[in-house]
Amino acid sequence: MKKIIATGKGGSGKTTVLSNLCIIMARSGRRVIVFDTDPSMNLALTFGIPYDVISTITGDKADIVHDLEGADVSEIGESIMEGHSSVTPDGIRIVVMGAVLHGGEGCLCSAVSLTKILLGYAEACGAYDVAVVDSQAGPEILGRGLASDFDCNLILCEPTVKSSEVSRQVLKLSGDLGVKESILVVNKIDAPGDTGFAAHMAGMPAHMAVGVRYDRNVLEADRDGVVLMDRHPDSAAMGDILSVNDRLMRAIGW
Amino acid sequence: MCEFTVLLGEEVVARKVIKARIRDGVLMLSDTSGTKTVLKEVSIVGVDTIMAELTLRRNEGH
């Protein structure tokens with residue numbers, strides 16, 4: 001099973017780009033499972049699945065931990081997975097880690113740990129060709145070790161100094177974790193030098209970067225609650241996301 | 001990160017532990033890979049959330 005994570009600064013377009021890449025993979029016959037580990041948990045909504053139809057890991061962590069204490073994950077992993085996920089019309093299974101439910105409740109470490117267990121189960125059970133993680137904003141998720149030995153880190157970045165700085169940090173941590181390939185996706189570009197600028201500021205060679213043009217169609221698709229590929233398949237941004245997909249497929253050896 | 005490295009004296013006996021429970025004198029550690037480590041005749045003597053370390057001690061006479 002191939003493993004891909006999307007990281008980067010908040011608002012850089014992780015969920016938007018990733019959701020379209022997942023659909024491309026699913027429609028080409030790949031069995032895709034997605035873990036939404038962003039506490040903002042926008043991924044399911046991007047696929048048109050309302051928040052309230054998926055039970056989150058965070059919401060049920062006490063029960064999940066109790067169940068895991070009494071049985072091996074190989075025995076109960078499937079029921080945990082099915083009870084905390086939803087499947088899109090394209091067959092993409094979405095597991096939602098969830099958010100902090102109450103002020104002062106504590107950190108999300110335990111939910112990330114349970115996500116690691118489910119990710120391990122997804123790999124062991126053989127039911128998926130690729131697992132994709134839509135991470136929370138910033139580099140912290142890599143400090144938690146979730147992406148150890150992943151095949152690719154898609155680093156989403158806007159062509160700004162601040163966004164590039166987060167990308168630089170993320171690239172370093174990816175290397176520490178043994179992530180095999182990193183691709184810098186410079187999103188919302190509107191000038192010829194934007195992609196090269198972001199790559200330079202992030203400390204990456206230009207050939208590791210792919211640009212996605214700023215496109216109002218992305219906003220329209222978001223407002224209509226549909227993915228860009230279905231609403232505006234011929235848009236400039238979608239064309240660039242297809243180029244990202246080509247680069248990704250090469251990176252993971254497909 | 002709230003995943004503990006478990007030390008018995010100076011020796012690391014488990015990593016990435018998310019749950020520890022003593023039942024009938026037996027300590028069971030569960031980690032993020034789903035692996036369970038069982039240790040007998042030990043006591044928990046330290047819990048350090050800053051360093052994410054759980055320190056054990058072998059019970060006297062063992």
# chains A, B, ... in the order shown; residues from 1 in each chain; ligands from 1
>>> residues_around(residues="stretch 31-39 of chain B", least_positions_apart="2", cutoff="9 Å", atoms="only C-alpha atoms", output="list in words")
Leu68, Glu69, Asp72, Val73, Ser74, Ser113, Leu114, Thr115, Lys116, Ile117, Leu118, Gly120 and Tyr121 of chain A; Glu3, Phe4, Val13, Ala14, Arg15, Lys16, Val17, Ile18, Lys19, Val26, Leu27, Met28, Leu29, Glu41 and Val42 of chain B
>>> residues_around(residues="A:Arg216", least_positions_apart="3", cutoff="12 Å", atoms="only C-alpha atoms", output="PyMOL selection string")
chain A and resi 188+190+213+219-223+228+232+235-238
>>> write_last_selection(atoms="N, CA and C atoms", output="compact mmCIF listing (two decimals), in the first residue's frame")
# COMPACT_ATOMS: atom_id res chain seq x y z
N LYS A 188 -2.08 28.68 -5.96
CA LYS A 188 -2.58 30.06 -6.12
C LYS A 188 -1.55 30.97 -6.77
N ASP A 190 0.03 33.36 -9.61
CA ASP A 190 -0.53 34.20 -10.68
C ASP A 190 0.54 35.01 -11.40
N ARG A 213 -2.30 27.21 -10.69
CA ARG A 213 -2.69 28.61 -10.88
C ARG A 213 -3.88 29.03 -10.01
N LEU A 219 -12.97 28.55 -5.93
CA LEU A 219 -13.89 29.15 -4.96
C LEU A 219 -15.33 28.76 -5.26
N GLU A 220 -15.68 28.78 -6.52
CA GLU A 220 -17.06 28.45 -6.91
C GLU A 220 -17.39 27.01 -6.55
N ALA A 221 -16.48 26.10 -6.83
CA ALA A 221 -16.71 24.70 -6.50
C ALA A 221 -16.87 24.52 -4.99
N ASP A 222 -16.02 25.24 -4.24
CA ASP A 222 -16.10 25.16 -2.77
C ASP A 222 -17.46 25.65 -2.28
N ARG A 223 -17.90 26.76 -2.82
CA ARG A 223 -19.18 27.32 -2.37
C ARG A 223 -20.35 26.42 -2.74
N LEU A 228 -13.60 20.29 -7.42
CA LEU A 228 -13.30 21.04 -8.64
C LEU A 228 -13.38 20.15 -9.88
N HIS A 232 -15.64 21.95 -12.48
CA HIS A 232 -14.90 22.66 -13.53
C HIS A 232 -13.72 21.81 -14.01
N SER A 235 -10.93 23.60 -16.00
CA SER A 235 -10.37 24.85 -15.47
C SER A 235 -8.85 24.80 -15.45
N ALA A 236 -8.26 25.99 -15.35
CA ALA A 236 -6.80 26.08 -15.31
C ALA A 236 -6.24 25.35 -14.09
N ALA A 237 -6.88 25.56 -12.93
CA ALA A 237 -6.39 24.91 -11.70
C ALA A 237 -6.47 23.40 -11.82
N MET A 238 -7.57 22.90 -12.40
CA MET A 238 -7.71 21.44 -12.52
C MET A 238 -6.66 20.88 -13.46
>>> residues_around(residues="stretch 13-18 of chain A", least_positions_apart="2", cutoff="9 Å", atoms="only C-alpha atoms", output="PyMOL selection string")
chain A and resi 6-11+20-23+42-43+46+132-135+137+154-158+187-188+218+222+227-228+238+241+244
>>> residues_around(residues="A:Ala71", least_positions_apart="5", cutoff="12 Å", atoms="only C-alpha atoms", output="ChimeraX atom specification")
/A:64-66,76-77,80 /B:30,34-36
>>> write_last_selection(atoms="C-alpha atoms", output="PDB file, in the first residue's frame")
ATOM      1  CA  ILE A  64     -11.994   2.410  20.778  1.00  0.00           C
ATOM      2  CA  VAL A  65      -9.199   2.179  23.345  1.00  0.00           C
ATOM      3  CA  HIS A  66     -11.349  -0.116  25.485  1.00  0.00           C
ATOM      4  CA  ILE A  76     -11.524  -5.611  15.380  1.00  0.00           C
ATOM      5  CA  GLY A  77      -9.802  -3.170  13.019  1.00  0.00           C
ATOM      6  CA  ILE A  80     -13.580   0.183  14.069  1.00  0.00           C
TER       7      ILE A  80
ATOM      8  CA  SER B  30      -0.243  -1.171  24.338  1.00  0.00           C
ATOM      9  CA  GLY B  34      -1.256  -2.596  18.189  1.00  0.00           C
ATOM     10  CA  THR B  35       1.456  -4.611  19.937  1.00  0.00           C
ATOM     11  CA  LYS B  36       0.956  -5.492  23.591  1.00  0.00           C
TER      12      LYS B  36
END
>>> residues_around(residues="B:Thr55", least_positions_apart="6", cutoff="10 Å", atoms="only C-alpha atoms", output="PyMOL selection string")
chain B and resi 4-13+43-48
>>> select_by_dssp(residues="chain B", states="strand (DSSP E or B)", output="VMD selection string")
chain B and resid 4 to 8 11 to 23 26 to 31 36 to 40 42 to 48 53 to 58
>>> atom_distance(atom1="atom CA of A:His207", atom2="atom CA of A:Val179")
17.8 Å
